[in-house]
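As provided, structure.tsv (TSV, C-alpha atoms) reads as follows.
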```tsv
chain	number	residue	atom	x	y	z
P	1	MET	CA	34.36	-27.97	-2.13
P	2	LYS	CA	34.36	-24.80	-0.09
P	3	SER	CA	32.65	-22.86	-2.90
P	4	LEU	CA	30.01	-25.60	-3.16
P	5	ARG	CA	29.29	-25.17	0.56
P	6	VAL	CA	28.97	-21.39	0.09
P	7	LEU	CA	26.65	-21.93	-2.87
P	8	ILE	CA	24.44	-24.28	-0.81
P	9	ILE	CA	24.24	-21.72	2.02
P	10	VAL	CA	23.37	-18.91	-0.41
P	11	LEU	CA	20.66	-21.00	-2.09
P	12	THR	CA	19.24	-22.09	1.26
P	13	LEU	CA	19.08	-18.51	2.53
P	14	SER	CA	17.49	-17.36	-0.72
P	15	ALA	CA	14.80	-20.02	-0.47
P	16	ALA	CA	14.22	-19.23	3.20
P	17	ALA	CA	13.64	-15.58	2.34
P	18	PHE	CA	10.42	-16.50	0.59
P	19	ALA	CA	9.42	-19.78	2.29
P	20	GLY	CA	7.98	-18.26	5.46
P	21	GLU	CA	5.03	-19.23	7.59
P	22	PRO	CA	1.65	-20.04	6.02
P	23	GLU	CA	0.31	-16.54	6.72
P	24	PHE	CA	3.17	-14.94	4.81
P	25	GLN	CA	2.63	-17.21	1.84
P	26	GLY	CA	-1.13	-16.68	2.17
P	27	ILE	CA	-0.75	-12.91	1.88
P	28	VAL	CA	1.61	-13.20	-1.09
P	29	HIS	CA	-0.74	-15.58	-2.89
P	30	SER	CA	-3.81	-13.45	-2.07
P	31	ILE	CA	-2.14	-10.35	-3.52
P	32	GLU	CA	-1.13	-12.30	-6.62
P	33	ALA	CA	-4.59	-13.79	-7.08
P	34	THR	CA	-6.53	-10.59	-6.37
P	35	TYR	CA	-4.43	-8.07	-8.28
P	36	GLY	CA	-2.95	-10.27	-11.00
P	37	VAL	CA	0.66	-9.51	-10.09
P	38	ARG	CA	3.60	-11.78	-9.31
P	39	HIS	CA	6.18	-11.21	-6.63
P	40	VAL	CA	9.62	-10.42	-7.97
P	41	PRO	CA	12.09	-13.28	-7.69
P	42	LEU	CA	14.97	-12.13	-5.47
P	43	PRO	CA	17.72	-14.73	-5.77
P	44	LEU	CA	20.11	-13.29	-3.20
P	45	VAL	CA	17.65	-11.60	-0.89
P	46	GLY	CA	18.13	-14.27	1.80
P	47	VAL	CA	21.82	-13.41	2.00
P	48	ALA	CA	21.07	-9.67	2.02
P	49	LEU	CA	18.48	-10.03	4.76
P	50	PHE	CA	20.83	-12.21	6.79
P	51	PHE	CA	23.34	-9.35	6.93
P	52	ALA	CA	21.01	-6.33	6.72
P	53	ARG	CA	18.32	-7.46	9.17
P	54	PRO	CA	17.43	-5.10	11.98
P	55	ALA	CA	18.96	-5.94	15.36
P	56	GLY	CA	16.78	-8.30	17.40
P	57	ALA	CA	14.83	-9.47	14.37
P	58	HIS	CA	15.16	-12.95	12.95
P	59	GLY	CA	13.27	-15.21	10.58
P	60	LEU	CA	12.93	-12.42	8.04
P	61	ARG	CA	10.85	-13.07	4.93
P	62	LEU	CA	10.40	-10.62	2.10
P	63	ALA	CA	8.30	-10.45	-1.03
P	64	ILE	CA	8.27	-7.51	-3.41
P	65	PHE	CA	5.63	-6.71	-6.00
P	66	GLU	CA	6.32	-4.27	-8.80
P	67	GLY	CA	3.95	-2.65	-11.29
P	68	PHE	CA	1.36	-2.65	-8.57
P	69	LYS	CA	-1.57	-0.30	-9.22
P	70	VAL	CA	-3.69	-0.13	-6.11
P	71	PRO	CA	-4.65	3.04	-4.23
P	72	THR	CA	-2.35	3.02	-1.22
P	73	ASP	CA	-5.18	3.78	1.19
P	74	SER	CA	-7.48	1.14	-0.28
P	75	ASP	CA	-9.67	-0.61	2.28
P	76	ASP	CA	-10.09	-3.51	-0.13
P	77	PHE	CA	-6.36	-4.10	-0.07
P	78	ARG	CA	-6.42	-4.13	3.72
P	79	HIS	CA	-9.22	-6.71	3.68
P	80	VAL	CA	-7.22	-8.91	1.30
P	81	ILE	CA	-4.35	-8.88	3.78
P	82	GLU	CA	-6.51	-9.44	6.84
P	83	SER	CA	-8.41	-12.34	5.33
P	84	SER	CA	-5.08	-14.13	4.87
P	85	LEU	CA	-4.18	-13.84	8.54
P	86	GLY	CA	-5.53	-16.39	10.97
P	87	PRO	CA	-6.55	-16.01	14.59
P	88	GLY	CA	-3.84	-14.69	16.89
P	89	TRP	CA	-2.97	-11.82	14.56
P	90	TYR	CA	-3.91	-8.32	15.63
P	91	PRO	CA	-3.94	-5.05	13.69
P	92	PHE	CA	-1.23	-3.12	15.49
P	93	VAL	CA	-0.10	-0.07	13.53
P	94	ARG	CA	-1.21	1.66	10.34
P	95	VAL	CA	0.80	4.54	8.93
P	96	ARG	CA	-0.48	6.50	5.95
P	97	SER	CA	1.76	9.11	4.36
P	98	LYS	CA	0.67	11.47	1.65
P	99	GLY	CA	3.36	11.73	-1.02
P	100	ASP	CA	3.74	13.66	-4.25
P	101	THR	CA	2.17	10.84	-6.23
P	102	ASN	CA	0.06	8.23	-4.54
P	103	GLY	CA	1.46	8.22	-1.03
P	104	GLU	CA	2.40	5.22	1.04
P	105	THR	CA	0.61	3.00	3.53
P	106	THR	CA	2.19	0.62	5.99
P	107	LEU	CA	0.03	-2.00	7.68
P	108	ILE	CA	1.49	-3.88	10.63
P	109	TYR	CA	-0.04	-6.93	12.26
P	110	ALA	CA	1.33	-8.59	15.37
P	111	ASN	CA	1.14	-12.11	16.68
P	112	PRO	CA	2.43	-12.11	20.26
P	113	ASN	CA	3.53	-15.41	21.70
P	114	GLY	CA	5.50	-15.81	24.95
P	115	GLY	CA	8.75	-13.89	24.68
P	116	ASN	CA	8.46	-13.49	20.91
P	117	MET	CA	6.38	-11.40	18.61
P	118	ARG	CA	5.80	-12.27	14.99
P	119	MET	CA	5.16	-9.26	12.87
P	120	MET	CA	3.74	-8.91	9.38
P	121	ILE	CA	4.52	-5.63	7.68
P	122	VAL	CA	2.81	-4.77	4.42
P	123	ASN	CA	3.96	-1.61	2.69
P	124	VAL	CA	2.19	-0.19	-0.36
P	125	GLU	CA	3.64	2.59	-2.48
P	126	SER	CA	2.47	4.11	-5.76
P	127	SER	CA	3.64	1.22	-7.95
P	128	GLU	CA	5.23	-1.21	-5.52
P	129	ALA	CA	4.29	-3.30	-2.51
P	130	GLN	CA	6.37	-5.26	-0.04
P	131	VAL	CA	5.41	-7.94	2.45
P	132	ILE	CA	7.85	-8.51	5.28
P	133	GLU	CA	7.55	-11.05	8.04
P	134	MET	CA	9.88	-11.05	11.01
P	135	ASN	CA	10.19	-12.37	14.53
P	136	LEU	CA	11.20	-9.96	17.24
P	137	ARG	CA	12.73	-10.60	20.61
P	138	ASP	CA	13.10	-8.73	23.91
P	139	ARG	CA	14.79	-5.41	23.33
P	140	ASP	CA	13.17	-4.78	19.98
P	141	ILE	CA	9.69	-5.67	21.16
P	142	LYS	CA	10.15	-3.03	23.86
P	143	LYS	CA	11.10	-0.48	21.22
P	144	TRP	CA	7.92	-1.31	19.31
P	145	LEU	CA	5.79	-1.06	22.44
P	146	LYS	CA	7.27	2.33	23.29
P	147	GLU	CA	7.03	4.03	19.92
P	148	PRO	CA	4.97	1.90	17.52
P	149	GLY	CA	4.49	4.71	14.99
P	150	GLU	CA	8.17	5.61	14.86
P	151	GLU	CA	9.26	1.97	14.57
P	152	ALA	CA	6.72	1.45	11.79
P	153	ASP	CA	8.28	4.36	9.91
P	154	ASN	CA	11.76	2.89	10.38
P	155	GLN	CA	10.85	-0.64	9.38
P	156	SER	CA	8.76	0.24	6.34
P	157	GLY	CA	12.03	1.25	4.69
P	158	LEU	CA	13.60	-2.11	5.47
P	159	HIS	CA	13.32	-3.35	1.88
P	160	HIS	CA	15.45	-0.47	0.67
P	161	GLN	CA	18.35	-1.83	2.73
P	162	SER	CA	18.26	-5.09	0.85
P	163	ASP	CA	18.03	-3.51	-2.61
V	1	MET	CA	-19.15	-32.05	-3.79
V	2	ARG	CA	-16.68	-32.58	-0.95
V	3	LYS	CA	-14.31	-30.16	-2.69
V	4	ALA	CA	-17.09	-27.56	-2.91
V	5	ASN	CA	-17.89	-27.98	0.80
V	6	TRP	CA	-14.24	-27.60	1.68
V	7	LYS	CA	-14.05	-24.39	-0.38
V	8	LEU	CA	-17.18	-23.08	1.31
V	9	LEU	CA	-15.77	-23.93	4.74
V	10	CYS	CA	-12.53	-22.14	3.90
V	11	SER	CA	-14.42	-19.07	2.66
V	12	VAL	CA	-16.53	-18.95	5.84
V	13	PHE	CA	-13.39	-19.29	7.96
V	14	LEU	CA	-11.64	-16.49	6.05
V	15	MET	CA	-14.67	-14.24	6.34
V	16	LEU	CA	-14.87	-14.92	10.09
V	17	ALA	CA	-11.16	-14.28	10.59
V	18	SER	CA	-11.45	-11.09	8.56
V	19	SER	CA	-14.51	-9.84	10.45
V	20	LEU	CA	-12.85	-10.67	13.79
V	21	LEU	CA	-9.85	-8.58	12.83
V	22	ARG	CA	-12.10	-5.75	11.72
V	23	ALA	CA	-14.21	-5.97	14.88
V	24	GLN	CA	-11.14	-5.29	17.00
V	25	GLU	CA	-10.63	-1.99	15.26
V	26	PHE	CA	-11.54	1.23	16.88
V	27	LYS	CA	-14.03	3.48	15.15
V	28	LEU	CA	-13.10	7.13	15.40
V	29	PRO	CA	-15.72	9.82	15.05
V	30	VAL	CA	-16.33	10.36	11.32
V	31	ASP	CA	-15.11	13.96	11.42
V	32	VAL	CA	-11.73	12.82	12.70
V	33	GLU	CA	-11.41	10.12	10.01
V	34	LYS	CA	-11.89	12.91	7.42
V	35	LEU	CA	-8.66	14.49	8.62
V	36	THR	CA	-6.73	11.54	7.21
V	37	SER	CA	-7.17	12.91	3.68
V	38	ARG	CA	-5.62	16.23	4.70
V	39	ALA	CA	-2.83	14.90	6.92
V	40	LYS	CA	0.71	14.51	5.68
V	41	GLU	CA	0.99	11.43	7.86
V	42	THR	CA	-1.54	9.48	9.87
V	43	VAL	CA	-0.46	6.96	12.49
V	44	GLU	CA	-2.90	4.55	14.08
V	45	VAL	CA	-1.91	2.30	16.95
V	46	ASN	CA	-4.26	-0.39	18.24
V	47	MET	CA	-3.57	-2.40	21.35
V	48	ASP	CA	-6.45	-4.44	22.64
V	49	GLY	CA	-7.49	-7.83	24.00
V	50	PRO	CA	-4.85	-10.51	24.34
V	51	MET	CA	-2.19	-8.29	22.79
V	52	LEU	CA	-2.48	-5.79	25.62
V	53	GLN	CA	-2.36	-8.55	28.22
V	54	TRP	CA	0.71	-9.98	26.53
V	55	ALA	CA	2.35	-6.54	26.51
V	56	SER	CA	1.74	-6.12	30.23
V	57	LYS	CA	3.48	-9.43	30.96
V	58	PHE	CA	6.26	-8.51	28.63
V	59	LEU	CA	6.84	-5.13	30.24
V	60	SER	CA	7.08	-6.48	33.75
V	61	ALA	CA	10.84	-6.83	33.60
V	62	GLU	CA	13.44	-5.43	36.00
V	63	ASP	CA	12.90	-1.81	34.98
V	64	PRO	CA	10.86	-0.07	37.73
V	65	GLU	CA	9.31	2.35	35.19
V	66	GLU	CA	8.14	-0.55	33.06
V	67	GLN	CA	6.84	-2.38	36.12
V	68	LYS	CA	4.60	0.60	36.87
V	69	ALA	CA	3.32	0.72	33.30
V	70	ALA	CA	2.77	-3.07	33.30
V	71	LYS	CA	0.63	-2.84	36.44
V	72	VAL	CA	-1.59	-0.23	34.80
V	73	VAL	CA	-1.78	-2.03	31.47
V	74	ALA	CA	-2.75	-5.36	33.08
V	75	ASN	CA	-6.17	-3.90	34.00
V	76	LEU	CA	-6.82	-2.10	30.75
V	77	LYS	CA	-9.02	-3.32	27.92
V	78	ALA	CA	-7.60	-1.30	25.07
V	79	ILE	CA	-5.37	1.55	24.00
V	80	TYR	CA	-5.99	3.35	20.72
V	81	VAL	CA	-3.85	6.19	19.41
V	82	ARG	CA	-4.53	8.28	16.31
V	83	SER	CA	-2.01	10.89	15.32
V	84	PHE	CA	-2.33	13.28	12.39
V	85	GLU	CA	0.59	15.36	11.18
V	86	PHE	CA	-0.06	18.21	8.77
V	87	ASP	CA	2.11	20.05	6.26
V	88	LYS	CA	1.09	23.48	7.42
V	89	GLU	CA	-0.77	25.24	10.18
V	90	GLY	CA	-4.50	25.68	9.76
V	91	ALA	CA	-5.01	22.35	8.00
V	92	TYR	CA	-7.74	21.64	10.51
V	93	SER	CA	-10.04	24.21	12.04
V	94	PRO	CA	-10.61	24.89	15.73
V	95	ALA	CA	-14.28	24.09	15.06
V	96	GLU	CA	-13.33	20.56	13.97
V	97	VAL	CA	-11.45	19.93	17.21
V	98	GLU	CA	-14.28	21.49	19.17
V	99	ALA	CA	-16.74	19.11	17.48
V	100	LEU	CA	-14.54	16.25	18.56
V	101	ARG	CA	-14.38	17.51	22.14
V	102	ALA	CA	-18.15	17.97	22.14
V	103	GLN	CA	-18.62	14.23	21.71
V	104	PHE	CA	-17.20	13.75	25.16
V	105	ARG	CA	-19.45	16.29	26.80
V	106	SER	CA	-22.05	13.79	27.85
V	107	PRO	CA	-23.24	12.47	31.22
V	108	LEU	CA	-20.84	9.53	30.81
V	109	TRP	CA	-17.78	11.72	30.36
V	110	SER	CA	-16.20	14.46	32.46
V	111	ARG	CA	-13.59	16.90	31.24
V	112	VAL	CA	-10.99	17.08	33.96
V	113	VAL	CA	-8.14	18.96	32.35
V	114	GLY	CA	-8.00	21.59	29.66
V	115	VAL	CA	-4.70	23.26	28.80
V	116	ARG	CA	-4.63	26.20	26.40
V	117	SER	CA	-1.18	27.45	25.49
V	118	GLU	CA	-1.06	30.77	23.70
V	119	HIS	CA	2.73	30.46	23.59
V	120	ASN	CA	3.00	27.41	21.31
V	121	GLY	CA	-0.64	26.88	20.37
V	122	GLU	CA	-0.78	23.50	22.06
V	123	ASN	CA	-4.15	22.58	23.53
V	124	VAL	CA	-4.74	19.47	25.57
V	125	ASP	CA	-8.02	18.13	26.89
V	126	VAL	CA	-8.45	15.12	29.11
V	127	PHE	CA	-11.82	13.46	29.56
V	128	PHE	CA	-12.64	10.72	32.04
V	129	LYS	CA	-15.35	8.15	31.65
V	130	LEU	CA	-17.06	7.16	34.86
V	131	GLU	CA	-19.00	3.96	35.34
V	132	ASN	CA	-20.51	3.17	38.74
V	133	GLU	CA	-18.40	6.00	40.14
V	134	LYS	CA	-15.23	4.33	38.94
V	135	MET	CA	-12.90	5.44	36.21
V	136	ALA	CA	-13.59	3.35	33.10
V	137	GLY	CA	-11.60	5.19	30.46
V	138	ILE	CA	-9.68	8.26	29.42
V	139	VAL	CA	-9.65	10.26	26.21
V	140	ILE	CA	-6.84	12.70	25.50
V	141	ILE	CA	-7.11	15.20	22.68
V	142	SER	CA	-3.89	17.05	21.98
V	143	ALA	CA	-4.11	19.74	19.33
V	144	GLU	CA	-0.97	21.46	18.11
V	145	PRO	CA	-0.78	23.79	15.10
V	146	LYS	CA	0.52	21.02	12.81
V	147	GLU	CA	-0.38	17.92	14.76
V	148	LEU	CA	-3.49	16.40	16.25
V	149	THR	CA	-3.34	13.39	18.56
V	150	PHE	CA	-6.28	11.45	19.89
V	151	VAL	CA	-5.71	8.82	22.59
V	152	ASN	CA	-8.42	6.54	23.94
V	153	ILE	CA	-7.57	4.34	26.91
V	154	VAL	CA	-10.33	1.89	27.78
V	155	GLY	CA	-10.40	0.37	31.25
V	156	PRO	CA	-9.87	1.33	34.89
V	157	LEU	CA	-7.16	3.93	35.37
V	158	GLU	CA	-6.34	6.72	37.82
V	159	VAL	CA	-5.10	10.12	36.74
V	160	ASP	CA	-1.68	9.68	38.37
V	161	GLN	CA	-1.29	6.37	36.52
V	162	LEU	CA	-1.62	8.25	33.26
V	163	ALA	CA	1.93	9.51	33.72
V	164	ASP	CA	3.16	5.90	34.04
V	165	LEU	CA	1.69	5.12	30.62
V	166	GLY	CA	3.18	8.20	28.94
V	167	GLY	CA	5.94	7.19	26.56
V	168	GLU	CA	4.55	3.65	26.08
V	169	PHE	CA	2.44	2.44	23.13
V	170	GLY	CA	2.77	5.81	21.36
V	171	ILE	CA	1.01	7.67	24.18
V	172	PRO	CA	2.58	11.11	24.53
V	173	LYS	CA	4.48	11.76	27.77
V	174	LEU	CA	2.25	13.70	30.09
V	175	ASN	CA	3.39	15.72	33.04
V	176	THR	CA	0.60	15.44	35.59
V	177	LYS	CA	2.63	17.16	38.29
V	178	PRO	CA	2.65	20.95	38.59
V	179	SER	CA	5.81	22.42	37.04
V	180	GLY	CA	5.90	25.57	39.20
V	181	LYS	CA	6.09	27.91	36.19
V	182	PRO	CA	2.77	28.68	34.55
V	183	LEU	CA	3.52	28.08	30.86
V	184	ALA	CA	-0.02	27.55	29.74
V	185	LYS	CA	-3.51	28.44	30.80
V	186	VAL	CA	-5.03	25.45	32.57
V	187	GLU	CA	-8.79	25.44	32.53
V	188	LYS	CA	-10.64	23.81	35.35
V	189	GLY	CA	-12.46	20.76	34.14
V	190	ASP	CA	-16.17	20.18	34.54
V	191	HIS	CA	-15.60	17.06	36.60
V	192	LYS	CA	-18.79	16.03	38.35
```
Written as structure tokens, that's how I'd like the structure from this file.
Amino acid sequence: MKSLRVLIIVLTLSAAAFAGEPEFQGIVHSIEATYGVRHVPLPLVGVALFFARPAGAHGLRLAIFEGFKVPTDSDDFRHVIESSLGPGWYPFVRVRSKGDTNGETTLIYANPNGGNMRMMIVNVESSEAQVIEMNLRDRDIKKWLKEPGEEADNQSGLHHQSD
Amino acid sequence: MRKANWKLLCSVFLMLASSLLRAQEFKLPVDVEKLTSRAKETVEVNMDGPMLQWASKFLSAEDPEEQKAAKVVANLKAIYVRSFEFDKEGAYSPAEVEALRAQFRSPLWSRVVGVRSEHNGENVDVFFKLENEKMAGIVIISAEPKELTFVNIVGPLEVDQLADLGGEFGIPKLNTKPSGKPLAKVEKGDHK
């Protein structure tokens, strides 16, 4: 009975990891439709994110795309993302790093609301992309407001924690 | 037919949402955008419109430093930061930075501070925009051997308030008070 309860929790958390708000799903579906890729099913990612989430963040959603061949600094890709976001979302931070191969770009959009801030982080690497949605509270919003570039660097590696 | 109309409506909405997002973006001078291809890392921070207003409310907590920053931010229209980090020195030429500075040598803008440090090669220029004899914006260009930072603050602001904003929103900390020791050559600005 106890193991059944654990199984239900694990399955619920796994589903919640992809469910997300309409904008998150919109971005995932737009990427899939535009670039002909599918996000990788991550059965236990909900559990991983529950334990590995950054302090102050909650409501984490993650989608990973592999075999993704899009120039990391592509403006078209940015427009695909932005057309999936509704009003209330603002371009906040963009970090572009030049790597040995194709580099990496992190796009961050913010949706401030009262004492919370929803954040959509889209990270594109040479053959992989990740979409992360999270809600931030108090202390962590202040960290973002102080050093947006540095926080963007830290959070773009979030998916590696859950691998 | 109804389905087609619905699709059309959705497409128009998406295009509008997309163009609104794009409209909020800050356009840097073309020469500066070119640096992106040479930079090891480029960081862009955009804070404008409702997001800036929200941030000002959010900052006004118990912390006196944050209260100061919140007061300044509440009147601002936008803050844009562009930071380029390079692998090696000489990735950008002095002429490129000079061309960027030249764009702010117009009747609308006044250069108030110019710091040239021979010691660490750090050069900082601060330009003020005046409208109806009131401060309407500030541009900071900080050029280091391997880093170039461009900050544009749009809205009313006084020079001493600039220090209150340093360390927030990716704006570098600026010491507007004299340090006593002359570490760098400070050029007098052409403030009118």
Q.
Please check the contacts: residues of chain P at most 7 Å away from chain V, using only C-alpha atoms, listed as a PyMOL selection string.
A. chain P and resi 79+82-83+86-87+90-98+112+145-149
Q | Which residue of P:Val70, P:Leu136, P:Ala110, P:Leu85 approaches Tyr35 (chain P) most closely, using all atoms listed in the file | A | P:Val70
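Among the candidate residues V:Pro107, V:Pro64, V:Pro145, V:Pro94, the one lying nearest to Phe128 (chain V) is V:Pro107, with distances computed using all atoms listed in the file.
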(Q) Which residue is closest to Gln25 (chain P)? Choose from P:Val124, P:Ile141, P:Leu60, P:Val131 and count all atoms listed in the file. (A)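 Using all atoms listed in the file, Gln25 (chain P) sits closest to P:Val131.
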Q) What does the distance from CA of Leu100 (chain V) to CA of Gly137 (chain V) come to in Å, to one decimal? A)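 CA of Gly137 (chain V) lies at a distance of 16.5 Å from CA of Leu100 (chain V).
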Q | Counting only C-alpha atoms, the residue of P:Arg118, P:Pro41, P:Asn123, P:Ala63 that sits nearest Trp144 (chain P) | A |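 Using only C-alpha atoms, the shortest distance to Trp144 (chain P) belongs to P:Arg118.
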(Q) When you count only C-alpha atoms, which of these residues is closest to Ile141 (chain V): V:Leu157, V:Leu162, V:Val115, V:Val72? (A) V:Val115
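Using all atoms listed in the file, the smallest distance between any of V:Glu158, V:Glu96, V:Glu144, V:Glu118 and Leu130 (chain V) comes from V:Glu158.
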Q) Which distance in Å separates CA of Thr34 (chain P) and CA of Val80 (chain P), to one decimal? A)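 CA of Val80 (chain P) lies 7.9 Å from CA of Thr34 (chain P).
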Q) Quick one, how far is CA of Arg78 (chain P) from CA of Val122 (chain P)? A)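 Going from CA of Arg78 (chain P) over to CA of Val122 (chain P) covers 9.3 Å.
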(Q) I'd like the contact shell of Met119 (chain P) - 6 Å cut-off, only C-alpha atoms, skipping same-chain residues fewer than 6 positions apart - returned as an MDAnalysis selection string. (A) chainID P and resid 109:110 133:134
Q: Would you list the contacts of Val124 (chain V) as a VMD selection string, taking every protein, DNA or RNA residue within 9 Å and counting only C-alpha atoms, but skipping same-chain residues closer than 5 positions in sequence?
A: chain V and resid 113 to 117 140 to 144
